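Note: the block below is upload_38.txt and it holds compact mmCIF, N, CA and C atoms.
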```
# COMPACT_ATOMS: atom_id res chain seq x y z
N MET V 1 12.19 -14.40 -0.62
CA MET V 1 12.60 -13.51 0.44
C MET V 1 11.40 -12.65 0.86
N THR V 2 11.30 -12.40 2.14
CA THR V 2 10.21 -11.59 2.68
C THR V 2 10.76 -10.27 3.22
N HIS V 3 10.09 -9.20 2.87
CA HIS V 3 10.41 -7.87 3.40
C HIS V 3 9.21 -7.39 4.20
N GLU V 4 9.43 -7.10 5.46
CA GLU V 4 8.35 -6.65 6.33
C GLU V 4 8.57 -5.19 6.70
N PHE V 5 7.53 -4.40 6.51
CA PHE V 5 7.56 -2.99 6.86
C PHE V 5 6.67 -2.78 8.08
N PHE V 6 7.25 -2.29 9.15
CA PHE V 6 6.52 -1.99 10.38
C PHE V 6 6.08 -0.53 10.31
N MET V 7 4.82 -0.34 9.96
CA MET V 7 4.33 0.98 9.61
C MET V 7 4.41 1.98 10.76
N LYS V 8 4.16 1.55 11.98
CA LYS V 8 4.24 2.47 13.11
C LYS V 8 5.67 2.96 13.31
N GLU V 9 6.63 2.06 13.17
CA GLU V 9 8.03 2.46 13.32
C GLU V 9 8.46 3.43 12.24
N LEU V 10 7.92 3.26 11.05
CA LEU V 10 8.30 4.11 9.92
C LEU V 10 7.59 5.46 9.92
N PHE V 11 6.30 5.47 10.31
CA PHE V 11 5.48 6.67 10.13
C PHE V 11 4.75 7.14 11.38
N GLY V 12 4.83 6.40 12.47
CA GLY V 12 4.09 6.76 13.67
C GLY V 12 2.72 6.10 13.70
N CYS V 13 1.93 6.41 14.71
CA CYS V 13 0.63 5.74 14.87
C CYS V 13 -0.46 6.32 13.97
N PHE V 14 -0.22 7.50 13.39
CA PHE V 14 -1.19 8.12 12.48
C PHE V 14 -0.51 8.31 11.13
N LEU V 15 -0.93 7.53 10.15
CA LEU V 15 -0.35 7.58 8.81
C LEU V 15 -1.08 8.65 8.01
N ALA V 16 -0.43 9.80 7.83
CA ALA V 16 -1.16 10.96 7.33
C ALA V 16 -0.62 11.58 6.05
N ASP V 17 0.66 11.56 5.83
CA ASP V 17 1.28 12.35 4.77
C ASP V 17 1.34 11.58 3.45
N GLY V 18 0.49 11.96 2.51
CA GLY V 18 0.46 11.29 1.22
C GLY V 18 1.75 11.41 0.43
N ASP V 19 2.41 12.57 0.51
CA ASP V 19 3.68 12.74 -0.19
C ASP V 19 4.75 11.80 0.37
N GLN V 20 4.76 11.66 1.68
CA GLN V 20 5.70 10.75 2.33
C GLN V 20 5.40 9.30 1.93
N ALA V 21 4.12 8.96 1.86
CA ALA V 21 3.72 7.60 1.47
C ALA V 21 4.12 7.31 0.03
N ASN V 22 3.94 8.29 -0.85
CA ASN V 22 4.30 8.09 -2.25
C ASN V 22 5.80 7.93 -2.42
N ALA V 23 6.58 8.73 -1.70
CA ALA V 23 8.04 8.60 -1.75
C ALA V 23 8.48 7.23 -1.22
N PHE V 24 7.86 6.77 -0.15
CA PHE V 24 8.17 5.46 0.41
C PHE V 24 7.85 4.36 -0.60
N ARG V 25 6.70 4.47 -1.25
CA ARG V 25 6.34 3.48 -2.27
C ARG V 25 7.39 3.46 -3.38
N PHE V 26 7.74 4.63 -3.86
CA PHE V 26 8.68 4.72 -4.97
C PHE V 26 10.08 4.24 -4.58
N ASN V 27 10.57 4.67 -3.43
CA ASN V 27 11.95 4.39 -3.02
C ASN V 27 12.17 3.04 -2.35
N GLU V 28 11.17 2.53 -1.66
CA GLU V 28 11.34 1.29 -0.89
C GLU V 28 10.52 0.13 -1.45
N VAL V 29 9.24 0.34 -1.63
CA VAL V 29 8.34 -0.77 -1.97
C VAL V 29 8.54 -1.22 -3.41
N GLU V 30 8.66 -0.28 -4.35
CA GLU V 30 8.83 -0.66 -5.76
C GLU V 30 10.08 -1.51 -5.95
N ALA V 31 11.15 -1.19 -5.25
CA ALA V 31 12.38 -1.97 -5.37
C ALA V 31 12.17 -3.41 -4.91
N LYS V 32 11.45 -3.58 -3.82
CA LYS V 32 11.17 -4.93 -3.31
C LYS V 32 10.22 -5.68 -4.25
N THR V 33 9.28 -4.96 -4.84
CA THR V 33 8.34 -5.57 -5.78
C THR V 33 9.09 -6.11 -6.99
N SER V 34 10.04 -5.33 -7.49
CA SER V 34 10.77 -5.76 -8.68
C SER V 34 11.66 -6.97 -8.42
N LEU V 35 12.00 -7.23 -7.16
CA LEU V 35 12.80 -8.41 -6.81
C LEU V 35 11.95 -9.67 -6.69
N GLY V 36 10.64 -9.52 -6.74
CA GLY V 36 9.76 -10.67 -6.59
C GLY V 36 9.58 -11.13 -5.16
N SER V 37 9.88 -10.26 -4.22
CA SER V 37 9.80 -10.61 -2.80
C SER V 37 8.36 -10.57 -2.29
N LEU V 38 8.11 -11.32 -1.22
CA LEU V 38 6.87 -11.18 -0.48
C LEU V 38 7.00 -9.92 0.37
N ILE V 39 6.02 -9.05 0.29
CA ILE V 39 6.05 -7.79 1.03
C ILE V 39 4.94 -7.82 2.07
N VAL V 40 5.30 -7.58 3.32
CA VAL V 40 4.34 -7.59 4.42
C VAL V 40 4.31 -6.19 5.04
N PHE V 41 3.11 -5.64 5.14
CA PHE V 41 2.90 -4.37 5.83
C PHE V 41 2.26 -4.69 7.17
N ASP V 42 2.96 -4.39 8.25
CA ASP V 42 2.48 -4.67 9.60
C ASP V 42 1.97 -3.36 10.21
N PHE V 43 0.69 -3.35 10.56
CA PHE V 43 0.04 -2.15 11.08
C PHE V 43 -0.13 -2.17 12.60
N GLU V 44 0.61 -3.02 13.28
CA GLU V 44 0.50 -3.06 14.74
C GLU V 44 0.81 -1.68 15.32
N GLY V 45 -0.10 -1.19 16.16
CA GLY V 45 0.08 0.11 16.81
C GLY V 45 -0.39 1.30 15.99
N VAL V 46 -0.77 1.08 14.74
CA VAL V 46 -1.29 2.17 13.91
C VAL V 46 -2.76 2.36 14.26
N THR V 47 -3.12 3.58 14.63
CA THR V 47 -4.49 3.85 15.07
C THR V 47 -5.35 4.53 14.02
N ASN V 48 -4.71 5.19 13.04
CA ASN V 48 -5.49 5.91 12.03
C ASN V 48 -4.63 6.13 10.79
N MET V 49 -5.32 6.43 9.69
CA MET V 49 -4.65 6.67 8.42
C MET V 49 -5.54 7.59 7.60
N THR V 50 -4.95 8.45 6.80
CA THR V 50 -5.74 9.30 5.91
C THR V 50 -5.93 8.62 4.56
N GLU V 51 -6.94 9.07 3.83
CA GLU V 51 -7.13 8.59 2.47
C GLU V 51 -5.94 8.96 1.60
N SER V 52 -5.37 10.13 1.86
CA SER V 52 -4.21 10.58 1.10
C SER V 52 -3.06 9.58 1.22
N PHE V 53 -2.78 9.15 2.43
CA PHE V 53 -1.70 8.18 2.66
C PHE V 53 -2.04 6.85 1.99
N SER V 54 -3.23 6.33 2.24
CA SER V 54 -3.58 5.01 1.72
C SER V 54 -3.64 5.00 0.20
N ASN V 55 -4.16 6.06 -0.41
CA ASN V 55 -4.21 6.10 -1.87
C ASN V 55 -2.82 6.25 -2.48
N ALA V 56 -1.98 7.09 -1.86
CA ALA V 56 -0.64 7.31 -2.40
C ALA V 56 0.21 6.04 -2.35
N LEU V 57 0.11 5.30 -1.28
CA LEU V 57 0.92 4.08 -1.15
C LEU V 57 0.22 2.87 -1.75
N PHE V 58 -0.94 2.54 -1.25
CA PHE V 58 -1.58 1.28 -1.62
C PHE V 58 -2.42 1.39 -2.89
N GLY V 59 -3.08 2.52 -3.10
CA GLY V 59 -3.84 2.71 -4.33
C GLY V 59 -2.94 2.72 -5.55
N ASN V 60 -1.85 3.48 -5.47
CA ASN V 60 -0.90 3.53 -6.59
C ASN V 60 -0.22 2.18 -6.81
N LEU V 61 0.07 1.49 -5.73
CA LEU V 61 0.66 0.15 -5.85
C LEU V 61 -0.30 -0.80 -6.56
N ALA V 62 -1.57 -0.73 -6.20
CA ALA V 62 -2.59 -1.58 -6.84
C ALA V 62 -2.77 -1.21 -8.31
N GLU V 63 -2.71 0.07 -8.61
CA GLU V 63 -2.86 0.52 -9.99
C GLU V 63 -1.70 0.02 -10.85
N ASP V 64 -0.49 0.14 -10.34
CA ASP V 64 0.71 -0.21 -11.11
C ASP V 64 1.03 -1.70 -11.10
N HIS V 65 0.66 -2.41 -10.05
CA HIS V 65 1.04 -3.82 -9.89
C HIS V 65 -0.12 -4.65 -9.34
N PRO V 66 -1.25 -4.72 -10.03
CA PRO V 66 -2.40 -5.42 -9.44
C PRO V 66 -2.14 -6.90 -9.16
N PHE V 67 -1.42 -7.58 -10.02
CA PHE V 67 -1.18 -9.01 -9.80
C PHE V 67 -0.15 -9.24 -8.70
N ASP V 68 0.86 -8.38 -8.64
CA ASP V 68 1.83 -8.47 -7.55
C ASP V 68 1.15 -8.26 -6.21
N LEU V 69 0.21 -7.32 -6.18
CA LEU V 69 -0.50 -7.03 -4.94
C LEU V 69 -1.25 -8.27 -4.45
N ILE V 70 -1.87 -8.96 -5.35
CA ILE V 70 -2.64 -10.16 -4.99
C ILE V 70 -1.70 -11.29 -4.57
N ASP V 71 -0.63 -11.49 -5.32
CA ASP V 71 0.24 -12.64 -5.10
C ASP V 71 1.30 -12.44 -4.03
N ARG V 72 1.79 -11.19 -3.88
CA ARG V 72 2.99 -11.02 -3.06
C ARG V 72 2.93 -9.92 -2.01
N VAL V 73 1.76 -9.40 -1.73
CA VAL V 73 1.64 -8.36 -0.70
C VAL V 73 0.66 -8.85 0.37
N ARG V 74 1.05 -8.69 1.61
CA ARG V 74 0.21 -9.09 2.75
C ARG V 74 0.09 -7.92 3.72
N PHE V 75 -1.05 -7.85 4.37
CA PHE V 75 -1.31 -6.85 5.40
C PHE V 75 -1.59 -7.59 6.70
N LYS V 76 -1.00 -7.15 7.80
CA LYS V 76 -1.29 -7.82 9.06
C LYS V 76 -1.47 -6.80 10.18
N ASN V 77 -2.15 -7.26 11.23
CA ASN V 77 -2.46 -6.44 12.40
C ASN V 77 -3.24 -5.18 12.03
N CYS V 78 -4.21 -5.34 11.16
CA CYS V 78 -5.04 -4.22 10.72
C CYS V 78 -6.30 -4.12 11.58
N SER V 79 -6.55 -2.95 12.12
CA SER V 79 -7.83 -2.71 12.79
C SER V 79 -8.91 -2.62 11.72
N PRO V 80 -10.18 -2.70 12.09
CA PRO V 80 -11.25 -2.53 11.10
C PRO V 80 -11.15 -1.19 10.35
N LEU V 81 -10.74 -0.14 11.04
CA LEU V 81 -10.60 1.17 10.39
C LEU V 81 -9.50 1.13 9.33
N ILE V 82 -8.35 0.60 9.68
CA ILE V 82 -7.24 0.51 8.73
C ILE V 82 -7.61 -0.40 7.57
N ARG V 83 -8.26 -1.50 7.85
CA ARG V 83 -8.70 -2.43 6.80
C ARG V 83 -9.62 -1.71 5.82
N GLY V 84 -10.51 -0.87 6.32
CA GLY V 84 -11.41 -0.11 5.45
C GLY V 84 -10.66 0.81 4.51
N PHE V 85 -9.66 1.51 5.04
CA PHE V 85 -8.83 2.38 4.19
C PHE V 85 -8.10 1.56 3.12
N LEU V 86 -7.57 0.41 3.50
CA LEU V 86 -6.84 -0.43 2.56
C LEU V 86 -7.75 -0.95 1.45
N VAL V 87 -8.91 -1.45 1.82
CA VAL V 87 -9.86 -1.97 0.83
C VAL V 87 -10.24 -0.88 -0.16
N SER V 88 -10.54 0.30 0.35
CA SER V 88 -10.93 1.41 -0.51
C SER V 88 -9.80 1.81 -1.45
N ALA V 89 -8.60 1.98 -0.93
CA ALA V 89 -7.46 2.40 -1.75
C ALA V 89 -7.13 1.37 -2.82
N VAL V 90 -7.09 0.11 -2.44
CA VAL V 90 -6.74 -0.95 -3.39
C VAL V 90 -7.81 -1.08 -4.47
N SER V 91 -9.07 -1.05 -4.10
CA SER V 91 -10.13 -1.19 -5.11
C SER V 91 -10.13 0.00 -6.07
N HIS V 92 -9.93 1.21 -5.55
CA HIS V 92 -9.86 2.38 -6.44
C HIS V 92 -8.63 2.31 -7.34
N GLY V 93 -7.51 1.85 -6.80
CA GLY V 93 -6.30 1.72 -7.61
C GLY V 93 -6.47 0.73 -8.75
N ILE V 94 -7.08 -0.40 -8.47
CA ILE V 94 -7.32 -1.40 -9.51
C ILE V 94 -8.26 -0.84 -10.58
N GLU V 95 -9.29 -0.12 -10.16
CA GLU V 95 -10.21 0.50 -11.13
C GLU V 95 -9.51 1.53 -12.00
N ARG V 96 -8.64 2.35 -11.40
CA ARG V 96 -7.87 3.32 -12.19
C ARG V 96 -7.01 2.60 -13.22
N GLY V 97 -6.38 1.51 -12.81
CA GLY V 97 -5.56 0.74 -13.73
C GLY V 97 -6.36 0.17 -14.88
N LYS V 98 -7.56 -0.30 -14.61
CA LYS V 98 -8.43 -0.83 -15.67
C LYS V 98 -8.81 0.26 -16.65
N ARG V 99 -9.16 1.45 -16.13
CA ARG V 99 -9.54 2.57 -17.01
C ARG V 99 -8.37 2.98 -17.89
N LEU V 100 -7.17 3.02 -17.32
CA LEU V 100 -5.99 3.37 -18.12
C LEU V 100 -5.73 2.34 -19.20
N ALA V 101 -5.89 1.07 -18.87
CA ALA V 101 -5.66 0.00 -19.84
C ALA V 101 -6.66 0.09 -20.99
N ARG V 102 -7.91 0.44 -20.69
CA ARG V 102 -8.93 0.55 -21.74
C ARG V 102 -8.68 1.76 -22.64
N SER V 103 -8.06 2.81 -22.11
CA SER V 103 -7.87 4.02 -22.90
C SER V 103 -6.64 3.96 -23.80
N GLU V 104 -5.82 2.95 -23.62
CA GLU V 104 -4.59 2.85 -24.45
C GLU V 104 -4.87 2.26 -25.80
```
Mind turning the file's structure into structure tokens?
Amino acid sequence: MTHEFFMKELFGCFLADGDQANAFRFNEVEAKTSLGSLIVFDFEGVTNMTESFSNALFGNLAEDHPFDLIDRVRFKNCSPLIRGFLVSAVSHGIERGKRLARSE
């Protein structure tokens, strides 16, 4: 099953609020992840995003579910700016996860 999130419809053209992103991850995305669904984030019409938003949603997702992110998460209609935020958040999230795993 595929779940597609249209980011502009959910958050507007500027994705800014990290608290809102974290709540969305916890309440919506985590549930879909646990079902084993393919998750698609569609950024059509999104013109900008803050690091706070990208880290709260995508960085934390990468930290908690690195293999799910690789296997079952897709991003589409990303501008170069949005792609840059995503790459940064995901890479930092994976690194945080590695550090936590080493410290246990």
I'd like the contact shell of range 70-82 of chain V - 12 Å cut-off, only C-alpha atoms, skipping same-chain residues fewer than 4 positions apart - returned as a PyMOL selection string.
chain V and resi 1-8+13-15+29-30+32-51+53-54+58+61-63+65-66+86-91+94
Output for the residues just chosen: N, CA and C atoms as a compact mmCIF listing (two decimals), keeping the file's coordinate frame:
```txt
# COMPACT_ATOMS: atom_id res chain seq x y z
N MET V 1 12.19 -14.40 -0.62
CA MET V 1 12.60 -13.51 0.44
C MET V 1 11.40 -12.65 0.86
N THR V 2 11.30 -12.40 2.14
CA THR V 2 10.21 -11.59 2.68
C THR V 2 10.76 -10.27 3.22
N HIS V 3 10.09 -9.20 2.87
CA HIS V 3 10.41 -7.87 3.40
C HIS V 3 9.21 -7.39 4.20
N GLU V 4 9.43 -7.10 5.46
CA GLU V 4 8.35 -6.65 6.33
C GLU V 4 8.57 -5.19 6.70
N PHE V 5 7.53 -4.40 6.51
CA PHE V 5 7.56 -2.99 6.86
C PHE V 5 6.67 -2.78 8.08
N PHE V 6 7.25 -2.29 9.15
CA PHE V 6 6.52 -1.99 10.38
C PHE V 6 6.08 -0.53 10.31
N MET V 7 4.82 -0.34 9.96
CA MET V 7 4.33 0.98 9.61
C MET V 7 4.41 1.98 10.76
N LYS V 8 4.16 1.55 11.98
CA LYS V 8 4.24 2.47 13.11
C LYS V 8 5.67 2.96 13.31
N CYS V 13 1.93 6.41 14.71
CA CYS V 13 0.63 5.74 14.87
C CYS V 13 -0.46 6.32 13.97
N PHE V 14 -0.22 7.50 13.39
CA PHE V 14 -1.19 8.12 12.48
C PHE V 14 -0.51 8.31 11.13
N LEU V 15 -0.93 7.53 10.15
CA LEU V 15 -0.35 7.58 8.81
C LEU V 15 -1.08 8.65 8.01
N VAL V 29 9.24 0.34 -1.63
CA VAL V 29 8.34 -0.77 -1.97
C VAL V 29 8.54 -1.22 -3.41
N GLU V 30 8.66 -0.28 -4.35
CA GLU V 30 8.83 -0.66 -5.76
C GLU V 30 10.08 -1.51 -5.95
N LYS V 32 11.45 -3.58 -3.82
CA LYS V 32 11.17 -4.93 -3.31
C LYS V 32 10.22 -5.68 -4.25
N THR V 33 9.28 -4.96 -4.84
CA THR V 33 8.34 -5.57 -5.78
C THR V 33 9.09 -6.11 -6.99
N SER V 34 10.04 -5.33 -7.49
CA SER V 34 10.77 -5.76 -8.68
C SER V 34 11.66 -6.97 -8.42
N LEU V 35 12.00 -7.23 -7.16
CA LEU V 35 12.80 -8.41 -6.81
C LEU V 35 11.95 -9.67 -6.69
N GLY V 36 10.64 -9.52 -6.74
CA GLY V 36 9.76 -10.67 -6.59
C GLY V 36 9.58 -11.13 -5.16
N SER V 37 9.88 -10.26 -4.22
CA SER V 37 9.80 -10.61 -2.80
C SER V 37 8.36 -10.57 -2.29
N LEU V 38 8.11 -11.32 -1.22
CA LEU V 38 6.87 -11.18 -0.48
C LEU V 38 7.00 -9.92 0.37
N ILE V 39 6.02 -9.05 0.29
CA ILE V 39 6.05 -7.79 1.03
C ILE V 39 4.94 -7.82 2.07
N VAL V 40 5.30 -7.58 3.32
CA VAL V 40 4.34 -7.59 4.42
C VAL V 40 4.31 -6.19 5.04
N PHE V 41 3.11 -5.64 5.14
CA PHE V 41 2.90 -4.37 5.83
C PHE V 41 2.26 -4.69 7.17
N ASP V 42 2.96 -4.39 8.25
CA ASP V 42 2.48 -4.67 9.60
C ASP V 42 1.97 -3.36 10.21
N PHE V 43 0.69 -3.35 10.56
CA PHE V 43 0.04 -2.15 11.08
C PHE V 43 -0.13 -2.17 12.60
N GLU V 44 0.61 -3.02 13.28
CA GLU V 44 0.50 -3.06 14.74
C GLU V 44 0.81 -1.68 15.32
N GLY V 45 -0.10 -1.19 16.16
CA GLY V 45 0.08 0.11 16.81
C GLY V 45 -0.39 1.30 15.99
N VAL V 46 -0.77 1.08 14.74
CA VAL V 46 -1.29 2.17 13.91
C VAL V 46 -2.76 2.36 14.26
N THR V 47 -3.12 3.58 14.63
CA THR V 47 -4.49 3.85 15.07
C THR V 47 -5.35 4.53 14.02
N ASN V 48 -4.71 5.19 13.04
CA ASN V 48 -5.49 5.91 12.03
C ASN V 48 -4.63 6.13 10.79
N MET V 49 -5.32 6.43 9.69
CA MET V 49 -4.65 6.67 8.42
C MET V 49 -5.54 7.59 7.60
N THR V 50 -4.95 8.45 6.80
CA THR V 50 -5.74 9.30 5.91
C THR V 50 -5.93 8.62 4.56
N GLU V 51 -6.94 9.07 3.83
CA GLU V 51 -7.13 8.59 2.47
C GLU V 51 -5.94 8.96 1.60
N PHE V 53 -2.78 9.15 2.43
CA PHE V 53 -1.70 8.18 2.66
C PHE V 53 -2.04 6.85 1.99
N SER V 54 -3.23 6.33 2.24
CA SER V 54 -3.58 5.01 1.72
C SER V 54 -3.64 5.00 0.20
N PHE V 58 -0.94 2.54 -1.25
CA PHE V 58 -1.58 1.28 -1.62
C PHE V 58 -2.42 1.39 -2.89
N LEU V 61 0.07 1.49 -5.73
CA LEU V 61 0.66 0.15 -5.85
C LEU V 61 -0.30 -0.80 -6.56
N ALA V 62 -1.57 -0.73 -6.20
CA ALA V 62 -2.59 -1.58 -6.84
C ALA V 62 -2.77 -1.21 -8.31
N GLU V 63 -2.71 0.07 -8.61
CA GLU V 63 -2.86 0.52 -9.99
C GLU V 63 -1.70 0.02 -10.85
N HIS V 65 0.66 -2.41 -10.05
CA HIS V 65 1.04 -3.82 -9.89
C HIS V 65 -0.12 -4.65 -9.34
N PRO V 66 -1.25 -4.72 -10.03
CA PRO V 66 -2.40 -5.42 -9.44
C PRO V 66 -2.14 -6.90 -9.16
N LEU V 86 -7.57 0.41 3.50
CA LEU V 86 -6.84 -0.43 2.56
C LEU V 86 -7.75 -0.95 1.45
N VAL V 87 -8.91 -1.45 1.82
CA VAL V 87 -9.86 -1.97 0.83
C VAL V 87 -10.24 -0.88 -0.16
N SER V 88 -10.54 0.30 0.35
CA SER V 88 -10.93 1.41 -0.51
C SER V 88 -9.80 1.81 -1.45
N ALA V 89 -8.60 1.98 -0.93
CA ALA V 89 -7.46 2.40 -1.75
C ALA V 89 -7.13 1.37 -2.82
N VAL V 90 -7.09 0.11 -2.44
CA VAL V 90 -6.74 -0.95 -3.39
C VAL V 90 -7.81 -1.08 -4.47
N SER V 91 -9.07 -1.05 -4.10
CA SER V 91 -10.13 -1.19 -5.11
C SER V 91 -10.13 0.00 -6.07
N ILE V 94 -7.08 -0.40 -8.47
CA ILE V 94 -7.32 -1.40 -9.51
C ILE V 94 -8.26 -0.84 -10.58
```
Quick one: pick out all helix (DSSP H, G or I) residues within chain V from a backbone DSSP run and write them as a PyMOL selection string.
chain V and resi 7-11+18-34+51-64+66-72+80-103
Based on the backbone DSSP call, show me all residues of range 11-81 of chain V assigned strand (DSSP E or B), as a ChimeraX atom specification.
/V:14-15,38-42,48-49,73-76
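When atom N of Asn27 in chain V is paired with CA of Arg83 in chain V, their separation reads 22.9 Å.
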Between V:Arg99, V:Asn55, V:Ala16, V:Glu9, which has the minimum distance to Phe85 in chain V (counting all atoms listed in the file)?
V:Asn55
Please enclose the listed atoms of range 24-38 of chain V in an axis-aligned box, pad each side by 8 Å, and write out the centre and the three edge lengths in Å, rounded to one decimal, as JSON.
```
{"center_x": 9.6, "center_y": -2.3, "center_z": -4.1, "size_x": 22.5, "size_y": 34.1, "size_z": 25.1}
```
How many Å lie between atom C of Asn60 in chain V and atom N of Lys98 in chain V, rounded to one decimal?
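It comes out at 11.0 Å.
Closest to Gly97 in chain V among V:Leu69, V:Asn22, V:Ser52, V:Asp64 is V:Asp64, based on only N, CA and C atoms.
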Interatomic distance between CA of Ala23 in chain V and CA of His92 in chain V?
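Those two atoms sit 19.5 Å apart.
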Using only C-alpha atoms, which residue out of V:Gly84, V:Gly93, V:Asp68, V:Glu28 lies closest to Ala56 in chain V?
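The answer is V:Gly93, which sits nearest to Ala56 in chain V.
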